[in-house]
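**Student:** Supplied in structure tokens, the structure appears directly below.
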Amino acid sequence: MAQKLEGKVVIITGASSGIGAATSRALAKLGCRVTLAARSAEKLSALARELGPAALAVPTDITSGPAVAHMVARALEHFGRIDVLFANAGVYVPGKLAEGDPEALARLVDVNVNGLVRCVHAVLPHMIAQGSGDILITSSISGHVDLSWEPVYSASKHAVTAFVHTMRRQLLPHGIRVGSIAPGMVANELWGITTQEEVEKHVAAHSALRCEDVVDAVVFFLTRPPHVNVREIVMIAQREDL
């Protein structure tokens with residue numbers, strides 16, 4: 001039997017756009033209280049106003065340890081607990097390594113890997129103390145397939161896959177579930193798709209997923225009964241040859 005999400009306190013990183021914003025809206029409608037974290041203070045504030053009292057905007061750069069600690073502290077101060085971390089923030093840089101900007105690639109690793117570790121580490125003391133929690137991570141099909149056109153991004157997502165598998169086992173004694181969602185192409189800002197018309201064009205061609213498709217997977221993970229841990233969900237568009 002599915003668990004209800006009403007009243008759950010959720011931290012969502014990368015909440016200002018794309019999958020993060022869509023998930024924030026969906027979970028708020030299901031009765032969750034959400035801490036919205038991302039670098040864009042303006043976008044976060046707008047989304048928090050849209051969602052109302054159930055939302056708290058905390059501008060956060062997850063490459064900063066103090067900023068991540070502040071994010072968790074604000075969530076605890078405002079809502080009193082943390083039930084879910086949806087570690088969704090990430091950046092994407094494709095292209096040939098020889099032609100890439102090494103600083104941009106280093107930042108990619110800092111956000112996609114180190115930032116993830118910072119966020120998980122920051123919520124663990126509270127979740128361990130309460131004996132429960134869900135940690136869900138946005139990964140990528142690139143964490144399962146070696147894609148030559150995005151070598152550093154693929155490497156970062158392979159690291160995420162290993163992190164999810166090992167942390168899940170490490171946290172079993174504490175009643176904390178860990179899992180990931182690994183989508184293929186999602187028609188959103190990360191891929192330079194900024195209009196609904198473009199989204200629908202890709203979806204009609206079966207070449208990309210909607211953000212809402214990933215949101216459905218998030219809700220499925222979080223509503224499983226306590227004895228079920230969905231370790232990972234891999235989802236791609238029908239015509240992605242991966």
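FYI, nothing fancy with the structure tokens labels: chains A, B, ... in order, residues from 1 per chain, ligands from 1 as they appear.
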Give me the residues near Gly14 (chain A) as a PyMOL selection string, where near means some atom within 7 Å (using only C-alpha atoms) and where sequence neighbours in that chain fewer than 4 positions away do not count.
**Tutor:** chain A and resi 20+37-38+88-89
**Student:** Please save N, CA and C atoms of the selected residues as an mmCIF file, in the first residue's frame.
**Tutor:**
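And here's result21.cif as it stands now:
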```
data_model
loop_
_atom_site.group_PDB
_atom_site.id
_atom_site.type_symbol
_atom_site.label_atom_id
_atom_site.label_comp_id
_atom_site.auth_asym_id
_atom_site.auth_seq_id
_atom_site.Cartn_x
_atom_site.Cartn_y
_atom_site.Cartn_z
ATOM 1 N N GLY A 20 13.433 20.085 -10.830
ATOM 2 C CA GLY A 20 13.295 20.548 -9.453
ATOM 3 C C GLY A 20 12.051 21.373 -9.235
ATOM 4 N N ALA A 37 15.831 24.978 -2.816
ATOM 5 C CA ALA A 37 17.225 25.407 -2.821
ATOM 6 C C ALA A 37 17.762 25.459 -4.246
ATOM 7 N N ALA A 38 18.451 26.538 -4.557
ATOM 8 C CA ALA A 38 19.116 26.719 -5.845
ATOM 9 C C ALA A 38 19.904 28.017 -5.751
ATOM 10 N N ASN A 88 18.739 17.050 -6.462
ATOM 11 C CA ASN A 88 18.440 17.144 -7.887
ATOM 12 C C ASN A 88 19.384 18.080 -8.639
ATOM 13 N N ALA A 89 20.085 18.950 -7.935
ATOM 14 C CA ALA A 89 20.921 19.951 -8.603
ATOM 15 C C ALA A 89 22.023 19.287 -9.428
#
```
**Student:** Where does region 144-241 of chain A meet region 99-106 of chain A within 12 Å, residue by residue, with the nearest atom pair and distance in Å to one decimal for each, counting only C-alpha atoms, listed by chain and rising number, as CSV?
**Tutor:**
```
residue,atom,partner,partner_atom,distance
A:Trp149,CA,A:Gly100,CA,11.4
A:Glu150,CA,A:Leu105,CA,10.5
A:Pro151,CA,A:Leu105,CA,10.0
A:Val152,CA,A:Leu105,CA,6.8
A:Tyr153,CA,A:Leu105,CA,8.2
A:Ser154,CA,A:Leu105,CA,11.5
A:Ala155,CA,A:Leu105,CA,10.9
A:Ser156,CA,A:Leu105,CA,10.1
```
**Student:** Write out as number ranges by chain all residues of region 29-106 of chain A that backbone DSSP assigns to strand (DSSP E).
**Tutor:** A: 33-38, 55-59, 84-87
**Student:** Taking C-alpha atoms for each residue, export the selection above as a PDB file, in the first residue's frame.
**Tutor:**
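For reference, again_6.pdb as written:
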```pdb
ATOM      1  CA  ARG A  33       6.293  21.144   2.980  1.00  0.00           C
ATOM      2  CA  VAL A  34       9.211  22.003   0.733  1.00  0.00           C
ATOM      3  CA  THR A  35      12.520  23.781   1.172  1.00  0.00           C
ATOM      4  CA  LEU A  36      13.489  25.155  -2.228  1.00  0.00           C
ATOM      5  CA  ALA A  37      17.225  25.407  -2.821  1.00  0.00           C
ATOM      6  CA  ALA A  38      19.116  26.719  -5.845  1.00  0.00           C
ATOM      7  CA  ALA A  55       7.368  26.512   0.719  1.00  0.00           C
ATOM      8  CA  LEU A  56      10.583  28.006   2.047  1.00  0.00           C
ATOM      9  CA  ALA A  57      13.120  29.508  -0.364  1.00  0.00           C
ATOM     10  CA  VAL A  58      16.770  29.169   0.652  1.00  0.00           C
ATOM     11  CA  PRO A  59      19.220  30.379  -2.029  1.00  0.00           C
ATOM     12  CA  VAL A  84      13.260  13.732   2.338  1.00  0.00           C
ATOM     13  CA  LEU A  85      16.280  15.056   0.497  1.00  0.00           C
ATOM     14  CA  PHE A  86      15.744  15.232  -3.244  1.00  0.00           C
ATOM     15  CA  ALA A  87      19.283  15.944  -4.413  1.00  0.00           C
TER      16      ALA A  87
END
```
**Student:** What is the distance between CA of Ser17 (chain A) and CA of Ile193 (chain A), in Å to one decimal?
**Tutor:**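 Here the two named atoms are 11.6 Å from each other.
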**Student:** Could you state the separation of CA of Ser16 (chain A) and CA of Ala2 (chain A) in Å, given to one decimal place?
**Tutor:** 28.2 Å
**Student:** Out of A:Thr23, A:Arg168, A:Gly115, A:Pro66, which residue has the shortest atom-to-atom distance to Asp213 (chain A) when counting only C-alpha atoms?
**Tutor:**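 Smallest distance to Asp213 (chain A) is found for A:Thr23.
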**Student:** Please build the interface table for region 167-224 of chain A against region 125-146 of chain A with a cut-off of 6 Å, listing for each qualifying residue the nearest atom pair and the distance in Å to one decimal; count only C-alpha atoms, order rows by chain and increasing number, and write it as JSON lines.
**Tutor:**
```
{"residue": "A:His174", "atom": "CA", "partner": "A:Gly131", "partner_atom": "CA", "distance": 5.2}
{"residue": "A:Gly175", "atom": "CA", "partner": "A:Ser132", "partner_atom": "CA", "distance": 4.7}
{"residue": "A:Ile176", "atom": "CA", "partner": "A:Gly133", "partner_atom": "CA", "distance": 4.7}
{"residue": "A:Arg177", "atom": "CA", "partner": "A:Asp134", "partner_atom": "CA", "distance": 4.8}
{"residue": "A:Val178", "atom": "CA", "partner": "A:Ile135", "partner_atom": "CA", "distance": 4.8}
{"residue": "A:Gly179", "atom": "CA", "partner": "A:Leu136", "partner_atom": "CA", "distance": 5.0}
{"residue": "A:Ser180", "atom": "CA", "partner": "A:Ile137", "partner_atom": "CA", "distance": 4.5}
{"residue": "A:Ile181", "atom": "CA", "partner": "A:Thr138", "partner_atom": "CA", "distance": 5.2}
{"residue": "A:Ala182", "atom": "CA", "partner": "A:Ser140", "partner_atom": "CA", "distance": 3.8}
{"residue": "A:Pro183", "atom": "CA", "partner": "A:Ser140", "partner_atom": "CA", "distance": 5.0}
{"residue": "A:Gly184", "atom": "CA", "partner": "A:Ile141", "partner_atom": "CA", "distance": 5.2}
```
**Student:** Which one of A:Ala21, A:Gly52, A:Val72, A:Pro94 sits closest to Val9 (chain A) if you count only C-alpha atoms?
**Tutor:**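 Looking at the shortest contact to Val9 (chain A), the residue is A:Val72.
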**Student:** Any idea what's packed within 7 Å of Val186 (chain A), counting only C-alpha atoms, ignoring anything in its chain fewer than 3 positions away? Could you give it as a ChimeraX atom specification?
**Tutor:** /A:208-211
**Student:** Work out how far apart CA of Asp241 (chain A) and CA of Ile19 (chain A) are and give it in Å to one decimal.
**Tutor:** 22.3 Å
**Student:** I need the residue nearest Ile82 (chain A) from this list: A:Val10, A:Val219, A:Cys32, A:Met167. Use only C-alpha atoms for the distance.
**Tutor:**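 For Ile82 (chain A), the nearest of the candidates is A:Val10.
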**Student:** Residues of region 174-215 of chain A in alpha helix (DSSP H) according to DSSP, as an mmCIF file with N, CA and C atoms, in the first residue's frame?
**Tutor:**
```cif
data_model
loop_
_atom_site.group_PDB
_atom_site.id
_atom_site.type_symbol
_atom_site.label_atom_id
_atom_site.label_comp_id
_atom_site.auth_asym_id
_atom_site.auth_seq_id
_atom_site.Cartn_x
_atom_site.Cartn_y
_atom_site.Cartn_z
ATOM 1 N N GLN A 196 7.294 25.807 -24.179
ATOM 2 C CA GLN A 196 6.420 24.646 -24.158
ATOM 3 C C GLN A 196 6.267 24.044 -25.544
ATOM 4 N N GLU A 197 6.324 24.906 -26.554
ATOM 5 C CA GLU A 197 6.226 24.416 -27.932
ATOM 6 C C GLU A 197 7.379 23.467 -28.255
ATOM 7 N N GLU A 198 8.593 23.813 -27.818
ATOM 8 C CA GLU A 198 9.750 22.953 -28.048
ATOM 9 C C GLU A 198 9.613 21.643 -27.282
ATOM 10 N N VAL A 199 9.118 21.737 -26.055
ATOM 11 C CA VAL A 199 8.913 20.527 -25.251
ATOM 12 C C VAL A 199 7.994 19.562 -25.968
ATOM 13 N N GLU A 200 6.860 20.075 -26.412
ATOM 14 C CA GLU A 200 5.862 19.220 -27.055
ATOM 15 C C GLU A 200 6.391 18.627 -28.363
ATOM 16 N N LYS A 201 7.222 19.376 -29.066
ATOM 17 C CA LYS A 201 7.815 18.874 -30.312
ATOM 18 C C LYS A 201 8.682 17.651 -30.028
ATOM 19 N N HIS A 202 9.517 17.721 -28.997
ATOM 20 C CA HIS A 202 10.385 16.591 -28.649
ATOM 21 C C HIS A 202 9.572 15.400 -28.132
ATOM 22 N N VAL A 203 8.564 15.693 -27.326
ATOM 23 C CA VAL A 203 7.745 14.607 -26.778
ATOM 24 C C VAL A 203 6.970 13.912 -27.891
ATOM 25 N N ALA A 204 6.428 14.692 -28.816
ATOM 26 C CA ALA A 204 5.679 14.105 -29.937
ATOM 27 C C ALA A 204 6.574 13.223 -30.802
ATOM 28 N N CYS A 211 9.549 16.874 -17.877
ATOM 29 C CA CYS A 211 9.901 16.935 -16.456
ATOM 30 C C CYS A 211 8.887 16.166 -15.622
ATOM 31 N N GLU A 212 7.629 16.260 -16.020
ATOM 32 C CA GLU A 212 6.565 15.602 -15.263
ATOM 33 C C GLU A 212 6.694 14.080 -15.277
ATOM 34 N N ASP A 213 7.327 13.521 -16.318
ATOM 35 C CA ASP A 213 7.572 12.076 -16.338
ATOM 36 C C ASP A 213 8.521 11.693 -15.208
ATOM 37 N N VAL A 214 9.531 12.531 -14.982
ATOM 38 C CA VAL A 214 10.472 12.278 -13.894
ATOM 39 C C VAL A 214 9.786 12.492 -12.544
ATOM 40 N N VAL A 215 8.930 13.499 -12.466
ATOM 41 C CA VAL A 215 8.182 13.737 -11.232
ATOM 42 C C VAL A 215 7.364 12.509 -10.849
#
```
